[in-house]
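Dumped my_file_36.cif below, it's mmCIF, C-alpha atoms:
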```cif
data_entry
loop_
_atom_site.group_PDB
_atom_site.id
_atom_site.type_symbol
_atom_site.label_atom_id
_atom_site.label_comp_id
_atom_site.auth_asym_id
_atom_site.auth_seq_id
_atom_site.Cartn_x
_atom_site.Cartn_y
_atom_site.Cartn_z
ATOM 1 C CA MET A 19 59.337 74.913 152.432
ATOM 2 C CA ARG A 20 61.959 72.212 151.939
ATOM 3 C CA TYR A 21 59.258 69.518 152.181
ATOM 4 C CA ALA A 22 57.116 71.234 149.595
ATOM 5 C CA VAL A 23 60.007 71.353 147.140
ATOM 6 C CA LEU A 24 60.879 67.733 147.695
ATOM 7 C CA GLY A 25 57.260 66.722 147.383
ATOM 8 C CA GLY A 26 57.097 68.359 144.003
ATOM 9 C CA VAL A 27 60.049 66.431 142.525
ATOM 10 C CA GLY A 28 60.000 63.035 144.187
ATOM 11 C CA ASP A 29 59.066 61.019 147.196
ATOM 12 C CA GLY A 30 61.593 62.579 149.584
ATOM 13 C CA SER A 31 63.927 59.583 149.434
ATOM 14 C CA ALA A 32 67.722 59.919 149.458
ATOM 15 C CA LEU A 33 67.734 59.204 145.704
ATOM 16 C CA SER A 34 65.260 62.014 145.002
ATOM 17 C CA ARG A 35 67.189 64.377 147.212
ATOM 18 C CA GLY A 36 70.379 63.494 145.310
ATOM 19 C CA VAL A 37 68.756 64.138 141.936
ATOM 20 C CA LEU A 38 67.373 67.425 143.199
ATOM 21 C CA GLY A 39 70.770 68.466 144.485
ATOM 22 C CA ARG A 40 72.443 67.757 141.173
ATOM 23 C CA ARG A 41 69.747 69.679 139.307
ATOM 24 C CA LEU A 42 70.057 72.673 141.622
ATOM 25 C CA ARG A 43 73.850 72.688 141.313
ATOM 26 C CA ARG A 44 73.590 72.473 137.495
ATOM 27 C CA ALA A 45 71.062 75.324 137.406
ATOM 28 C CA ALA A 46 73.332 77.454 139.587
ATOM 29 C CA HIS A 47 76.310 76.700 137.310
ATOM 30 C CA LEU A 48 74.399 77.628 134.162
ATOM 31 C CA SER A 49 73.174 80.793 135.812
ATOM 32 C CA MET A 50 76.739 81.750 136.722
ATOM 33 C CA VAL A 51 77.989 81.023 133.182
ATOM 34 C CA GLY A 52 75.203 83.149 131.733
ATOM 35 C CA ALA A 53 76.071 86.019 134.047
ATOM 36 C CA ILE A 54 79.755 85.827 133.073
ATOM 37 C CA LEU A 55 78.937 85.823 129.348
ATOM 38 C CA LEU A 56 76.549 88.736 129.788
ATOM 39 C CA LEU A 57 79.155 90.699 131.740
ATOM 40 C CA GLY A 58 81.811 89.901 129.146
ATOM 41 C CA GLY A 59 79.561 91.023 126.303
ATOM 42 C CA ALA A 60 78.738 94.264 128.062
ATOM 43 C CA THR A 61 82.434 94.896 128.744
ATOM 44 C CA THR A 62 83.362 94.237 125.113
ATOM 45 C CA GLN A 63 80.615 96.547 123.891
ATOM 46 C CA ALA A 64 81.729 99.279 126.289
ATOM 47 C CA GLN A 65 85.345 98.926 125.114
ATOM 48 C CA THR A 66 84.255 99.088 121.454
ATOM 49 C CA VAL A 67 82.153 102.196 122.019
ATOM 50 C CA ALA A 68 85.036 103.756 123.934
ATOM 51 C CA SER A 69 87.290 103.192 120.911
ATOM 52 C CA LEU A 70 85.137 105.454 118.719
ATOM 53 C CA PRO A 71 86.588 108.906 118.029
ATOM 54 C CA GLU A 72 85.401 111.812 120.101
ATOM 55 C CA THR A 73 82.440 113.667 118.686
ATOM 56 C CA GLY A 74 83.739 116.278 116.261
ATOM 57 C CA THR A 75 82.274 118.831 113.898
ATOM 58 C CA ALA A 76 81.206 119.070 110.277
ATOM 59 C CA ALA A 77 83.283 120.994 107.762
ATOM 60 C CA GLU A 78 81.607 124.297 106.951
ATOM 61 C CA GLN A 79 79.781 124.081 103.630
ATOM 62 C CA GLY A 80 79.685 127.119 101.365
ATOM 63 C CA ALA A 81 78.535 128.058 97.889
ATOM 64 C CA PRO A 82 78.241 125.681 94.927
ATOM 65 C CA ALA A 83 81.568 124.918 93.234
ATOM 66 C CA ARG A 84 82.744 123.455 89.961
ATOM 67 C CA PRO A 85 83.952 119.862 90.165
ATOM 68 C CA VAL A 86 87.511 119.038 89.206
ATOM 69 C CA ALA A 87 87.661 118.613 85.412
ATOM 70 C CA ALA A 88 88.881 115.031 85.766
ATOM 71 C CA TRP A 89 85.797 114.277 87.889
ATOM 72 C CA ASN A 90 83.524 115.303 85.016
ATOM 73 C CA ASP A 91 85.384 112.906 82.737
ATOM 74 C CA PHE A 92 85.083 110.150 85.345
ATOM 75 C CA CYS A 93 81.319 110.750 85.531
ATOM 76 C CA LEU A 94 80.966 110.362 81.783
ATOM 77 C CA ARG A 95 82.576 106.932 82.053
ATOM 78 C CA HIS A 96 80.883 105.933 85.341
ATOM 79 C CA PRO A 97 77.585 107.880 85.573
ATOM 80 C CA SER A 98 76.177 105.768 88.409
ATOM 81 C CA GLU A 99 79.166 106.746 90.589
ATOM 82 C CA CYS A 100 78.182 110.398 90.337
ATOM 83 C CA ALA A 101 74.411 110.087 90.791
ATOM 84 C CA VAL A 102 72.952 111.475 94.029
ATOM 85 C CA ASP A 103 70.053 109.596 95.607
ATOM 86 C CA THR A 104 68.416 112.062 97.975
ATOM 87 C CA ALA A 105 66.452 109.210 99.540
ATOM 88 C CA GLU A 106 69.701 108.053 101.132
ATOM 89 C CA PRO A 107 70.842 109.593 104.422
ATOM 90 C CA ALA A 108 73.354 112.417 104.071
ATOM 91 C CA ILE A 109 74.818 111.639 107.498
ATOM 92 C CA ILE A 110 75.244 108.184 109.019
ATOM 93 C CA ALA A 111 75.417 106.991 112.611
ATOM 94 C CA LEU A 112 78.982 106.103 113.559
ATOM 95 C CA THR A 113 78.343 102.739 115.187
ATOM 96 C CA PRO A 114 81.179 100.401 116.226
ATOM 97 C CA ALA A 115 80.444 98.305 113.103
ATOM 98 C CA VAL A 116 80.701 101.341 110.802
ATOM 99 C CA TRP A 117 83.891 102.494 112.524
ATOM 100 C CA GLN A 118 85.402 99.032 112.044
ATOM 101 C CA ALA A 119 84.440 99.065 108.356
ATOM 102 C CA LEU A 120 86.016 102.488 107.801
ATOM 103 C CA SER A 121 89.251 101.557 109.544
ATOM 104 C CA SER A 122 89.524 98.171 107.850
ATOM 105 C CA VAL A 123 88.841 99.431 104.317
ATOM 106 C CA ASN A 124 91.237 102.356 104.753
ATOM 107 C CA ARG A 125 94.087 100.063 105.853
ATOM 108 C CA ARG A 126 93.419 97.354 103.268
ATOM 109 C CA VAL A 127 93.265 99.661 100.253
ATOM 110 C CA ASN A 128 96.305 101.654 101.366
ATOM 111 C CA ALA A 129 98.279 98.418 101.615
ATOM 112 C CA ARG A 130 96.957 96.955 98.356
ATOM 113 C CA ILE A 131 97.335 99.849 95.885
ATOM 114 C CA LYS A 132 100.813 100.954 94.851
ATOM 115 C CA PRO A 133 101.019 104.753 94.456
ATOM 116 C CA ILE A 134 101.817 106.132 91.019
ATOM 117 C CA THR A 135 101.250 109.484 89.345
ATOM 118 C CA ASP A 136 98.603 109.885 86.655
ATOM 119 C CA ALA A 137 101.337 110.880 84.191
ATOM 120 C CA ALA A 138 103.127 107.568 84.720
ATOM 121 C CA HIS A 139 99.927 105.533 85.003
ATOM 122 C CA TRP A 140 97.619 107.025 82.386
ATOM 123 C CA GLY A 141 99.878 109.362 80.433
ATOM 124 C CA VAL A 142 97.847 112.442 81.397
ATOM 125 C CA VAL A 143 98.219 115.103 84.084
ATOM 126 C CA ASP A 144 95.023 114.250 85.992
ATOM 127 C CA ARG A 145 92.661 111.294 85.602
ATOM 128 C CA TRP A 146 90.165 109.848 88.093
ATOM 129 C CA ASP A 147 89.497 106.122 87.823
ATOM 130 C CA PHE A 148 89.435 102.886 89.790
ATOM 131 C CA PRO A 149 92.875 101.359 90.436
ATOM 132 C CA ASP A 150 91.766 97.903 89.328
ATOM 133 C CA ASP A 151 95.268 97.078 88.060
ATOM 134 C CA GLY A 152 96.727 97.641 91.540
ATOM 135 C CA PHE A 153 98.175 101.101 90.790
ATOM 136 C CA GLY A 154 96.723 104.549 91.375
ATOM 137 C CA ASP A 155 97.106 107.966 92.937
ATOM 138 C CA CYS A 156 95.142 109.668 95.688
ATOM 139 C CA GLU A 157 91.741 110.011 94.020
ATOM 140 C CA ASP A 158 91.857 106.516 92.506
ATOM 141 C CA ILE A 159 92.545 105.047 95.933
ATOM 142 C CA GLN A 160 89.677 106.965 97.552
ATOM 143 C CA LEU A 161 87.284 105.931 94.771
ATOM 144 C CA LEU A 162 88.093 102.293 95.499
ATOM 145 C CA LYS A 163 87.505 102.823 99.223
ATOM 146 C CA ARG A 164 84.151 104.411 98.483
ATOM 147 C CA ARG A 165 83.137 101.515 96.235
ATOM 148 C CA MET A 166 84.095 98.978 98.916
ATOM 149 C CA LEU A 167 82.164 100.842 101.621
ATOM 150 C CA ILE A 168 79.093 100.999 99.386
ATOM 151 C CA GLU A 169 79.410 97.230 98.923
ATOM 152 C CA ARG A 170 79.251 97.063 102.738
ATOM 153 C CA ARG A 171 75.906 98.922 102.546
ATOM 154 C CA LEU A 172 77.058 102.377 103.563
ATOM 155 C CA PRO A 173 75.084 105.051 101.663
ATOM 156 C CA ARG A 174 76.975 106.677 98.799
ATOM 157 C CA ARG A 175 75.444 110.040 99.676
ATOM 158 C CA ALA A 176 77.363 110.098 102.973
ATOM 159 C CA LEU A 177 80.662 109.227 101.242
ATOM 160 C CA ARG A 178 81.931 112.363 99.534
ATOM 161 C CA MET A 179 85.018 112.755 97.367
ATOM 162 C CA THR A 180 86.827 115.835 98.643
ATOM 163 C CA VAL A 181 89.623 118.105 97.403
ATOM 164 C CA VAL A 182 92.159 119.576 99.824
ATOM 165 C CA ILE A 183 95.510 121.358 99.838
ATOM 166 C CA ASP A 184 97.945 119.015 101.540
ATOM 167 C CA GLU A 185 100.942 119.556 103.795
ATOM 168 C CA ILE A 186 103.227 120.402 100.853
ATOM 169 C CA GLY A 187 100.803 122.824 99.269
ATOM 170 C CA GLU A 188 99.571 120.533 96.485
ATOM 171 C CA GLY A 189 96.101 119.453 95.446
ATOM 172 C CA HIS A 190 95.099 116.148 97.048
ATOM 173 C CA ALA A 191 91.932 114.013 97.130
ATOM 174 C CA VAL A 192 90.501 112.315 100.220
ATOM 175 C CA LEU A 193 87.242 110.579 101.071
ATOM 176 C CA MET A 194 85.016 112.393 103.551
ATOM 177 C CA VAL A 195 82.574 110.263 105.537
ATOM 178 C CA ARG A 196 79.780 112.366 107.032
ATOM 179 C CA THR A 197 78.738 110.970 110.427
ATOM 180 C CA ASP A 198 76.801 112.021 113.487
ATOM 181 C CA ARG A 199 80.173 112.338 115.259
ATOM 182 C CA GLY A 200 81.559 114.759 112.685
ATOM 183 C CA ASP A 201 83.175 114.507 109.246
ATOM 184 C CA LEU A 202 85.872 111.815 109.080
ATOM 185 C CA ILE A 203 88.633 111.472 106.490
ATOM 186 C CA LEU A 204 89.981 108.368 104.754
ATOM 187 C CA ASP A 205 93.366 109.143 103.233
ATOM 188 C CA ASN A 206 96.042 107.144 101.433
ATOM 189 C CA LYS A 207 98.758 109.029 103.342
ATOM 190 C CA THR A 208 97.764 107.491 106.682
ATOM 191 C CA ASN A 209 95.979 104.407 107.957
ATOM 192 C CA ALA A 210 94.338 106.468 110.701
ATOM 193 C CA VAL A 211 90.765 107.610 110.075
ATOM 194 C CA LEU A 212 90.865 111.196 111.321
ATOM 195 C CA PRO A 213 88.385 113.992 111.998
ATOM 196 C CA TRP A 214 88.760 116.479 109.146
ATOM 197 C CA GLN A 215 90.181 119.235 111.381
ATOM 198 C CA ARG A 216 93.017 116.953 112.570
ATOM 199 C CA THR A 217 94.395 116.168 109.111
ATOM 200 C CA GLY A 218 96.385 119.383 108.782
ATOM 201 C CA TYR A 219 94.885 119.956 105.325
ATOM 202 C CA SER A 220 93.118 123.009 103.931
ATOM 203 C CA PHE A 221 89.716 121.864 102.735
ATOM 204 C CA VAL A 222 88.621 123.245 99.385
ATOM 205 C CA LYS A 223 85.479 121.509 98.120
ATOM 206 C CA ARG A 224 83.597 118.215 97.958
ATOM 207 C CA GLU A 225 80.811 116.477 96.113
ATOM 208 C CA GLY A 226 77.422 117.960 96.827
ATOM 209 C CA GLN A 227 74.749 115.874 98.548
ATOM 210 C CA ASP A 228 71.734 117.157 96.650
ATOM 211 C CA GLY A 229 72.919 117.230 93.040
ATOM 212 C CA LYS A 230 75.890 117.066 90.696
ATOM 213 C CA ALA A 231 77.276 120.451 91.711
ATOM 214 C CA TRP A 232 80.069 120.387 94.288
ATOM 215 C CA VAL A 233 80.213 122.714 97.295
ATOM 216 C CA THR A 234 83.023 124.835 98.701
ATOM 217 C CA LEU A 235 84.412 124.079 102.148
ATOM 218 C CA ASN A 236 85.718 126.638 104.603
ATOM 219 C CA ASN A 237 86.083 129.218 101.802
ATOM 220 C CA GLY A 238 88.955 127.242 100.273
ATOM 221 C CA ALA A 239 90.650 128.112 96.973
ATOM 222 C CA SER A 240 90.533 125.396 94.331
ATOM 223 C CA PRO A 241 93.686 123.664 93.060
ATOM 224 C CA VAL A 242 94.005 123.054 89.345
ATOM 225 C CA THR A 243 94.507 119.277 89.684
ATOM 226 C CA THR A 244 94.702 116.593 92.356
ATOM 227 C CA ALA A 245 97.466 114.582 90.698
ATOM 228 C CA ASN A 246 99.221 113.775 93.935
ATOM 229 C CA ARG A 247 100.288 110.341 95.116
#
```
Could you take the file, read its structure, and then write that structure out as structure tokens?
Amino acid sequence: MRYAVLGGVGDGSALSRGVLGRRLRRAAHLSMVGAILLLGGATTQAQTVASLPETGTAAEQGAPARPVAAWNDFCLRHPSECAVDTAEPAIIALTPAVWQALSSVNRRVNARIKPITDAAHWGVVDRWDFPDDGFGDCEDIQLLKRRMLIERRLPRRALRMTVVIDEIGEGHAVLMVRTDRGDLILDNKTNAVLPWQRTGYSFVKREGQDGKAWVTLNNGASPVTTANR
């Protein structure tokens, strides 16, 4: 066998054997490097997948509900933000890339926007708008997060503005992301992206996924406003 190999690459001289030896050693080195890179990539992927939240549940959807009045005003000014494209998926796969996008956008917007009440910002009790001047309250901050996630090619239909009762009993707005691992919440009160049932909030209603009407959640009672920083 050794003779056949040597015969295929040279004349069997010491020089040919030396060239063959170097080539074999180089091939073995490259093979080892490739195996290490492959193992490292698999390990990184496994660690990333392991960092995803445990599979949760979806918030229970109920009857149609009226949107918050300030939402209707927002839709008059930004009709494309309120349109529902039923060709888009209503639930998205929570891949490591999507999870990274959610976590990054939540942290960045929370750090960038300075909280202020609508009364101090706009001179009205409740107004929904983009905080393009760097100031906003809960719903303004979530609207910006939604816009940034859509720019990252997440479907708007899976990103639902949601009204809750918070830990101090006031109306509050969060962004619900509907995934195959359960409904996740982006909130300006925390940088953690949490499953809805771990927020401690009472969920009232959210944007519908099939039309302009909103839907109730978990039989919640509706607050009058969401003017909460």
Quick one: residues within 7 Å of stretch 193-196 of chain A, only C-alpha atoms counted, chain neighbours fewer than 5 positions away excluded, as number ranges by chain?
A: 109-110, 160, 176-180, 201-205
Would you list the contacts of A:Glu99 as a VMD selection string, taking every protein, DNA or RNA residue within 9 Å and counting all atoms listed in the file, but skipping same-chain residues closer than 4 positions in sequence?
chain A and resid 92 to 93 165 174
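One finds atom CA of A:Thr113 at 9.8 Å from atom CA of A:Arg199.
A straight line drawn from atom CA of A:Ser69 to atom CA of A:Glu225 is 28.9 Å long.
Of the listed residues (A:Met166, A:Asn209, A:Ala191, A:Leu94), A:Ala191 comes nearest to A:Arg224; the distances count all atoms listed in the file.
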Residues returned when the PyMOL selection byres ((chain A and resi 183) around 8) runs on this file, as a PyMOL selection string:
chain A and resi 181-182+184-190+219-222+241
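In this structure, atom CA of A:Pro107 sits 21.6 Å away from atom CA of A:Asn124.
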Around the point (90.2, 100.0, 110.4) (coordinates from the file), which residues reach within 12 Å if we count all atoms listed in the file? Answer as a short mmCIF file (atom, residue, chain, number, x, y, z; two decimals) with C-alpha atoms, in the coordinates of the input.
```cif
data_model
loop_
_atom_site.label_atom_id
_atom_site.label_comp_id
_atom_site.auth_asym_id
_atom_site.auth_seq_id
_atom_site.Cartn_x
_atom_site.Cartn_y
_atom_site.Cartn_z
CA SER A 69 87.29 103.19 120.91
CA LEU A 70 85.14 105.45 118.72
CA PRO A 114 81.18 100.40 116.23
CA ALA A 115 80.44 98.30 113.10
CA VAL A 116 80.70 101.34 110.80
CA TRP A 117 83.89 102.49 112.52
CA GLN A 118 85.40 99.03 112.04
CA ALA A 119 84.44 99.06 108.36
CA LEU A 120 86.02 102.49 107.80
CA SER A 121 89.25 101.56 109.54
CA SER A 122 89.52 98.17 107.85
CA VAL A 123 88.84 99.43 104.32
CA ASN A 124 91.24 102.36 104.75
CA ARG A 125 94.09 100.06 105.85
CA ARG A 126 93.42 97.35 103.27
CA VAL A 127 93.26 99.66 100.25
CA ASN A 128 96.30 101.65 101.37
CA LYS A 163 87.50 102.82 99.22
CA LEU A 167 82.16 100.84 101.62
CA LEU A 204 89.98 108.37 104.75
CA THR A 208 97.76 107.49 106.68
CA ASN A 209 95.98 104.41 107.96
CA ALA A 210 94.34 106.47 110.70
CA VAL A 211 90.76 107.61 110.08
CA LEU A 212 90.86 111.20 111.32
#
```
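Minimum distance to A:Asp158 across A:Ser98, A:Thr104, A:Gln79, A:Asn206 (counting only C-alpha atoms) occurs at A:Asn206.
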Counting only C-alpha atoms, the option among A:Arg175, A:Gly74, A:Gly80, A:Ala129 closest to A:Leu235
A:Gly80
Apply the PyMOL selection byres ((chain A and resi 145) around 6) to the displayed file and report the matching residues as a PyMOL selection string.
chain A and resi 88+144+146
For the PyMOL selection byres ((chain A and resi 73) around 8), applied here, can you spell out every residue it catches as a PyMOL selection string?
chain A and resi 71-72+74-75+198-200
